[in-house]
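Here's final14.cif, which has mmCIF, C-alpha atoms:
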data_start
loop_
_atom_site.group_PDB
_atom_site.id
_atom_site.type_symbol
_atom_site.label_atom_id
_atom_site.label_comp_id
_atom_site.auth_asym_id
_atom_site.auth_seq_id
_atom_site.Cartn_x
_atom_site.Cartn_y
_atom_site.Cartn_z
ATOM 1 C CA MET A 1 3.916 3.684 -26.122
ATOM 2 C CA ARG A 2 5.013 0.258 -24.880
ATOM 3 C CA SER A 3 6.336 1.806 -21.667
ATOM 4 C CA GLU A 4 3.089 3.727 -21.139
ATOM 5 C CA ARG A 5 0.998 0.583 -21.711
ATOM 6 C CA ALA A 6 3.152 -1.257 -19.185
ATOM 7 C CA THR A 7 2.568 1.549 -16.676
ATOM 8 C CA VAL A 8 -1.197 1.429 -17.192
ATOM 9 C CA GLY A 9 -1.142 -2.353 -16.817
ATOM 10 C CA LEU A 10 0.850 -2.173 -13.596
ATOM 11 C CA ALA A 11 -1.516 0.487 -12.270
ATOM 12 C CA ALA A 12 -4.491 -1.760 -12.978
ATOM 13 C CA VAL A 13 -2.850 -4.711 -11.194
ATOM 14 C CA ALA A 14 -1.835 -2.545 -8.229
ATOM 15 C CA LEU A 15 -5.236 -0.904 -7.793
ATOM 16 C CA GLY A 16 -7.036 -4.195 -8.374
ATOM 17 C CA GLY A 17 -4.928 -6.013 -5.814
ATOM 18 C CA ALA A 18 -5.215 -3.238 -3.236
ATOM 19 C CA GLY A 19 -8.989 -2.915 -3.633
ATOM 20 C CA THR A 20 -10.076 -6.543 -3.999
ATOM 21 C CA VAL A 21 -10.180 -7.393 -0.290
ATOM 22 C CA LEU A 22 -12.057 -4.241 0.744
ATOM 23 C CA ALA A 23 -14.538 -4.404 -2.132
ATOM 24 C CA GLY A 24 -15.186 -8.104 -1.563
ATOM 25 C CA GLN A 25 -15.790 -7.589 2.161
ATOM 26 C CA PHE A 26 -18.154 -4.684 1.503
ATOM 27 C CA GLY A 27 -20.086 -6.799 -1.020
ATOM 28 C CA ARG A 28 -20.519 -9.660 1.458
ATOM 29 C CA LEU A 29 -21.736 -7.372 4.222
ATOM 30 C CA LEU A 30 -24.027 -5.548 1.810
ATOM 31 C CA ARG A 31 -25.681 -8.851 0.882
ATOM 32 C CA ARG A 32 -26.128 -9.641 4.573
ATOM 33 C CA ARG A 33 -27.720 -6.253 5.209
ATOM 34 C CA GLN A 34 -30.047 -6.630 2.243
ATOM 35 C CA HIS A 35 -31.016 -10.140 3.328
ATOM 36 C CA GLU A 36 -32.039 -8.900 6.796
ATOM 37 C CA ALA A 37 -33.482 -5.570 5.614
ATOM 38 C CA PRO A 38 -37.210 -4.763 5.588
ATOM 39 C CA ALA A 39 -39.057 -5.538 2.386
ATOM 40 C CA GLY A 40 -38.582 -2.902 -0.267
ATOM 41 C CA GLU A 41 -35.200 -1.587 0.935
ATOM 42 C CA THR A 42 -32.801 -1.137 -1.967
ATOM 43 C CA LEU A 43 -29.084 -1.793 -2.202
ATOM 44 C CA VAL A 44 -28.423 1.947 -2.120
ATOM 45 C CA GLU A 45 -30.325 2.298 1.156
ATOM 46 C CA ALA A 46 -28.470 -0.623 2.716
ATOM 47 C CA ALA A 47 -25.043 0.599 1.553
ATOM 48 C CA PRO A 48 -24.299 3.080 4.425
ATOM 49 C CA ALA A 49 -24.906 0.422 7.087
ATOM 50 C CA ALA A 50 -22.793 -2.063 5.125
ATOM 51 C CA ALA A 51 -20.001 0.524 4.884
ATOM 52 C CA LEU A 52 -20.028 0.985 8.674
ATOM 53 C CA ASP A 53 -20.028 -2.800 9.077
ATOM 54 C CA THR A 54 -16.996 -2.996 6.789
ATOM 55 C CA VAL A 55 -15.112 -0.420 8.864
ATOM 56 C CA GLY A 56 -15.907 -2.317 12.054
ATOM 57 C CA VAL A 57 -14.813 -5.629 10.547
ATOM 58 C CA ALA A 58 -11.604 -4.010 9.262
ATOM 59 C CA VAL A 59 -10.714 -2.593 12.690
ATOM 60 C CA VAL A 60 -11.347 -5.871 14.516
ATOM 61 C CA GLY A 61 -9.657 -7.847 11.741
ATOM 62 C CA TYR A 62 -6.567 -5.660 11.941
ATOM 63 C CA GLU A 63 -6.396 -6.091 15.710
ATOM 64 C CA ASP A 64 -6.754 -9.881 15.444
ATOM 65 C CA ALA A 65 -4.590 -10.397 12.349
ATOM 66 C CA PRO A 66 -1.412 -12.472 12.656
ATOM 67 C CA ARG A 67 1.831 -10.530 12.926
ATOM 68 C CA SER A 68 3.018 -11.324 9.394
ATOM 69 C CA GLU A 69 -0.209 -10.010 7.871
ATOM 70 C CA THR A 70 -0.154 -6.844 9.981
ATOM 71 C CA VAL A 71 3.456 -6.115 9.021
ATOM 72 C CA LEU A 72 2.686 -6.522 5.306
ATOM 73 C CA PHE A 73 -0.404 -4.334 5.621
ATOM 74 C CA ASN A 74 1.528 -1.608 7.456
ATOM 75 C CA LEU A 75 4.271 -1.728 4.834
ATOM 76 C CA LEU A 76 1.691 -1.387 2.065
ATOM 77 C CA ALA A 77 -0.134 1.459 3.830
ATOM 78 C CA GLY A 78 3.063 3.412 4.446
ATOM 79 C CA PHE A 79 4.314 2.764 0.923
ATOM 80 C CA LEU A 80 1.088 3.807 -0.816
ATOM 81 C CA GLY A 81 0.566 6.833 1.430
ATOM 82 C CA SER A 82 4.049 8.219 0.883
ATOM 83 C CA PHE A 83 4.049 7.489 -2.858
ATOM 84 C CA ALA A 84 0.701 9.245 -3.365
ATOM 85 C CA LEU A 85 1.622 12.214 -1.171
ATOM 86 C CA VAL A 86 5.042 12.772 -2.704
ATOM 87 C CA ARG A 87 3.672 12.554 -6.265
ATOM 88 C CA LEU A 88 0.958 15.079 -5.358
ATOM 89 C CA SER A 89 3.423 17.405 -3.631
ATOM 90 C CA ALA A 90 5.906 17.168 -6.530
ATOM 91 C CA TRP A 91 3.134 18.084 -8.967
ATOM 92 C CA GLY A 92 2.159 21.020 -6.742
ATOM 93 C CA ILE A 93 5.752 22.254 -6.550
ATOM 94 C CA ARG A 94 6.137 22.041 -10.329
ATOM 95 C CA ALA A 95 2.838 23.868 -10.876
ATOM 96 C CA GLY A 96 3.565 26.445 -8.160
ATOM 97 C CA ARG A 97 0.557 25.384 -6.111
ATOM 98 C CA GLY A 98 0.113 24.331 -2.514
ATOM 99 C CA PRO A 99 2.348 24.775 0.531
ATOM 100 C CA PHE A 100 5.106 22.400 -0.581
ATOM 101 C CA ARG A 101 8.506 23.678 -1.730
ATOM 102 C CA ASN A 102 11.794 22.075 -2.731
ATOM 103 C CA VAL A 103 14.138 21.448 0.184
ATOM 104 C CA ARG A 104 17.565 23.046 -0.214
ATOM 105 C CA ILE A 105 20.498 22.856 2.179
ATOM 106 C CA GLY A 106 23.586 24.909 1.369
ATOM 107 C CA GLY A 107 22.260 25.530 -2.133
ATOM 108 C CA ARG A 108 21.911 21.790 -2.799
ATOM 109 C CA HIS A 109 18.514 20.331 -3.711
ATOM 110 C CA ILE A 110 17.713 17.483 -1.334
ATOM 111 C CA HIS A 111 15.725 14.861 -3.243
ATOM 112 C CA HIS A 112 13.137 12.908 -1.279
ATOM 113 C CA PHE A 113 14.989 9.614 -1.729
ATOM 114 C CA VAL A 114 17.503 10.916 0.865
ATOM 115 C CA PRO A 115 15.043 11.038 3.803
ATOM 116 C CA GLY A 116 13.434 7.919 2.327
ATOM 117 C CA ILE A 117 16.639 5.896 2.582
ATOM 118 C CA LEU A 118 17.346 7.230 6.086
ATOM 119 C CA LEU A 119 13.797 6.444 7.210
ATOM 120 C CA ALA A 120 13.773 2.922 5.737
ATOM 121 C CA PHE A 121 17.239 2.071 7.086
ATOM 122 C CA GLY A 122 16.522 3.597 10.486
ATOM 123 C CA SER A 123 13.162 1.870 11.028
ATOM 124 C CA GLY A 124 14.514 -1.430 9.678
ATOM 125 C CA THR A 125 17.487 -1.303 12.027
ATOM 126 C CA ALA A 126 15.266 -0.403 14.978
ATOM 127 C CA ALA A 127 12.980 -3.341 14.166
ATOM 128 C CA LEU A 128 15.975 -5.695 14.166
ATOM 129 C CA LEU A 129 17.133 -4.427 17.547
ATOM 130 C CA THR A 130 13.803 -4.819 19.346
ATOM 131 C CA ASP A 131 12.036 -7.904 20.651
ATOM 132 C CA ASP A 132 8.672 -6.124 20.906
ATOM 133 C CA ASP A 133 6.228 -7.510 18.300
ATOM 134 C CA GLU A 134 3.914 -4.489 18.538
ATOM 135 C CA LEU A 135 6.796 -2.073 18.039
ATOM 136 C CA GLU A 136 8.062 -4.092 15.078
ATOM 137 C CA GLN A 137 4.614 -3.950 13.489
ATOM 138 C CA ALA A 138 4.445 -0.186 14.051
ATOM 139 C CA LEU A 139 7.922 0.296 12.544
ATOM 140 C CA ALA A 140 6.658 -1.291 9.313
ATOM 141 C CA VAL A 141 4.752 1.944 8.606
ATOM 142 C CA PRO A 142 7.771 4.315 8.538
ATOM 143 C CA MET A 143 9.732 1.637 6.699
ATOM 144 C CA GLY A 144 7.018 1.535 4.036
ATOM 145 C CA VAL A 145 7.072 5.338 3.878
ATOM 146 C CA GLY A 146 10.838 5.310 3.381
ATOM 147 C CA ILE A 147 10.603 2.674 0.640
ATOM 148 C CA GLY A 148 7.894 4.702 -1.097
ATOM 149 C CA LEU A 149 9.989 7.889 -1.027
ATOM 150 C CA THR A 150 12.997 6.004 -2.398
ATOM 151 C CA PHE A 151 11.149 4.072 -5.108
ATOM 152 C CA ASP A 152 9.544 7.290 -6.348
ATOM 153 C CA GLU A 153 12.998 8.462 -7.466
ATOM 154 C CA ALA A 154 14.368 5.090 -8.532
ATOM 155 C CA ALA A 155 14.903 6.331 -12.099
ATOM 156 C CA LEU A 156 17.074 9.179 -10.828
ATOM 157 C CA LEU A 157 19.150 6.752 -8.745
ATOM 158 C CA LEU A 158 19.654 4.437 -11.723
ATOM 159 C CA ASP A 159 20.472 7.133 -14.308
ATOM 160 C CA LEU A 160 22.126 9.603 -11.896
ATOM 161 C CA ARG A 161 20.138 12.294 -13.726
ATOM 162 C CA ASP A 162 17.021 14.221 -12.702
ATOM 163 C CA VAL A 163 14.554 12.410 -14.992
ATOM 164 C CA TYR A 164 11.554 12.714 -12.662
ATOM 165 C CA TRP A 165 9.195 14.274 -15.242
ATOM 166 C CA THR A 166 10.678 12.661 -18.367
ATOM 167 C CA ARG A 167 9.752 9.436 -20.143
ATOM 168 C CA GLU A 168 12.644 7.738 -18.364
ATOM 169 C CA GLY A 169 11.045 8.795 -15.087
ATOM 170 C CA LEU A 170 8.188 6.375 -15.753
ATOM 171 C CA LEU A 171 10.484 3.681 -14.388
ATOM 172 C CA SER A 172 9.944 5.051 -10.871
ATOM 173 C CA VAL A 173 6.167 4.827 -11.279
ATOM 174 C CA GLN A 174 6.425 1.321 -12.721
ATOM 175 C CA LEU A 175 8.622 0.098 -9.868
ATOM 176 C CA SER A 176 6.310 1.639 -7.270
ATOM 177 C CA LEU A 177 3.204 0.143 -8.860
ATOM 178 C CA GLY A 178 4.936 -3.218 -9.159
ATOM 179 C CA ALA A 179 5.886 -3.148 -5.474
ATOM 180 C CA THR A 180 2.293 -2.235 -4.594
ATOM 181 C CA ALA A 181 1.013 -5.175 -6.611
ATOM 182 C CA ILE A 182 3.498 -7.568 -4.991
ATOM 183 C CA LEU A 183 2.582 -6.464 -1.455
ATOM 184 C CA SER A 184 -1.142 -6.619 -2.243
ATOM 185 C CA ILE A 185 -0.864 -10.097 -3.748
ATOM 186 C CA ALA A 186 1.218 -11.245 -0.759
ATOM 187 C CA ILE A 187 -1.537 -10.147 1.627
ATOM 188 C CA LEU A 188 -4.251 -11.775 -0.502
ATOM 189 C CA THR A 189 -2.275 -15.001 -0.788
ATOM 190 C CA GLY A 190 -1.644 -15.080 2.936
ATOM 191 C CA ARG A 191 -5.339 -14.688 3.676
ATOM 192 C CA MET A 192 -6.246 -17.408 1.181
ATOM 193 C CA LEU A 193 -3.706 -19.866 2.571
ATOM 194 C CA ARG A 194 -4.829 -19.285 6.145
ATOM 195 C CA ARG A 195 -8.474 -19.754 5.151
ATOM 196 C CA GLY A 196 -7.591 -23.016 3.426
ATOM 197 C CA GLU A 197 -5.562 -24.135 6.430
ATOM 198 C CA ARG A 198 -8.486 -23.527 8.794
ATOM 199 C CA ARG A 199 -10.867 -25.437 6.534
ATOM 200 C CA GLN A 200 -8.493 -28.387 6.103
ATOM 201 C CA GLU A 201 -7.920 -28.447 9.855
ATOM 202 C CA ALA A 202 -11.677 -28.374 10.559
ATOM 203 C CA GLU A 203 -12.184 -31.317 8.183
ATOM 204 C CA GLY A 204 -9.402 -33.288 9.882
ATOM 205 C CA LEU A 205 -7.258 -33.431 6.753
ATOM 206 C CA ILE A 206 -4.221 -31.831 8.381
ATOM 207 C CA PRO A 207 -2.934 -31.881 11.988
ATOM 208 C CA THR A 208 -4.268 -29.187 14.302
ATOM 209 C CA ALA A 209 -2.000 -26.301 15.200
#

Entire entry expressed as structure tokens:
Amino acid sequence: MRSERATVGLAAVALGGAGTVLAGQFGRLLRRRQHEAPAGETLVEAAPAAALDTVGVAVVGYEDAPRSETVLFNLLAGFLGSFALVRLSAWGIRAGRGPFRNVRIGGRHIHHFVPGILLAFGSGTAALLTDDDELEQALAVPMGVGIGLTFDEAALLLDLRDVYWTREGLLSVQLSLGATAILSIAILTGRMLRRGERRQEAEGLIPTA
């Protein structure tokens, strides 16, 4: 029970951290739309336009974001995408549904932490060998995917037993949710610090960049 409560708590922190920025931005743009809307227009009617505004702001914001923020975001996106997909595919394989099947080579079951480690190591090494900032930012996505695939089977790596669907297997979920929370909080903190830096600079309290 304690382990399950910890998992639920980590899930709440991870989802809250990942959704705070997007929800906050949508709320601000929704208030702007409602403020400029014709009399009598409700929040529900203004929501579609605010959603499109949010997408536009996100695209431009991503393009103009500093390199460190883009790398963290790409890591988080790759990590979350791979973790969600592999959990869904593993459930489908266990239930006999969907197109996914276990990978076997020479009669040996290849767990998904194997391509995960290769993908994370390969993209990380490639990023170290290049001087191209855009390529480094792009390589953060496959690195995040590789980390997600590896973390999803962390319990198996620690116990050297296939505990994916057992109570011990909750450790993999907890580690993945904890990593999601850490990456989300890092992005939020970075945004907050940069906002504070700009304000302090505008007020002449710190030297200009």

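If you measure from each of A:Leu72, A:Leu157, A:Val141, A:Ala84 to Val114 (chain A) using only C-alpha atoms, the closest one turns out to be A:Leu157.
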
Take the PyMOL selection byres ((chain A and resi 47-61) around 8), run it mentally on this structure, and tell me the resulting residues as an mmCIF file with C-alpha atoms, keeping the file's coordinate frame.
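Result went into out-v8.cif, see below:
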data_model
loop_
_atom_site.group_PDB
_atom_site.id
_atom_site.type_symbol
_atom_site.label_atom_id
_atom_site.label_comp_id
_atom_site.auth_asym_id
_atom_site.auth_seq_id
_atom_site.Cartn_x
_atom_site.Cartn_y
_atom_site.Cartn_z
ATOM 1 C CA LEU A 22 -12.057 -4.241 0.744
ATOM 2 C CA GLN A 25 -15.790 -7.589 2.161
ATOM 3 C CA PHE A 26 -18.154 -4.684 1.503
ATOM 4 C CA LEU A 29 -21.736 -7.372 4.222
ATOM 5 C CA LEU A 30 -24.027 -5.548 1.810
ATOM 6 C CA ARG A 33 -27.720 -6.253 5.209
ATOM 7 C CA LEU A 43 -29.084 -1.793 -2.202
ATOM 8 C CA VAL A 44 -28.423 1.947 -2.120
ATOM 9 C CA GLU A 45 -30.325 2.298 1.156
ATOM 10 C CA ALA A 46 -28.470 -0.623 2.716
ATOM 11 C CA TYR A 62 -6.567 -5.660 11.941
ATOM 12 C CA GLU A 63 -6.396 -6.091 15.710
ATOM 13 C CA ASP A 64 -6.754 -9.881 15.444
ATOM 14 C CA ALA A 65 -4.590 -10.397 12.349
#

Selected residue, from A:Gly92, A:Ala154, A:Leu139, A:Glu134, that lies nearest to Ile117 (chain A) when counting all atoms listed in the file: A:Ala154

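Each of A:Thr125, A:Gln200, A:Asn74, A:Asn102 was compared to Pro142 (chain A) using only C-alpha atoms, and A:Asn74 turns out to be the nearest.
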
For Ala120 (chain A): contacts at 10 Å, all atoms listed in the file, fewer than 5 positions along chain excluded, given as JSON, numbers by chain: {"A": [115, 125, 126, 139, 140, 141, 142, 143, 144, 145, 146, 147, 148, 149, 150]}
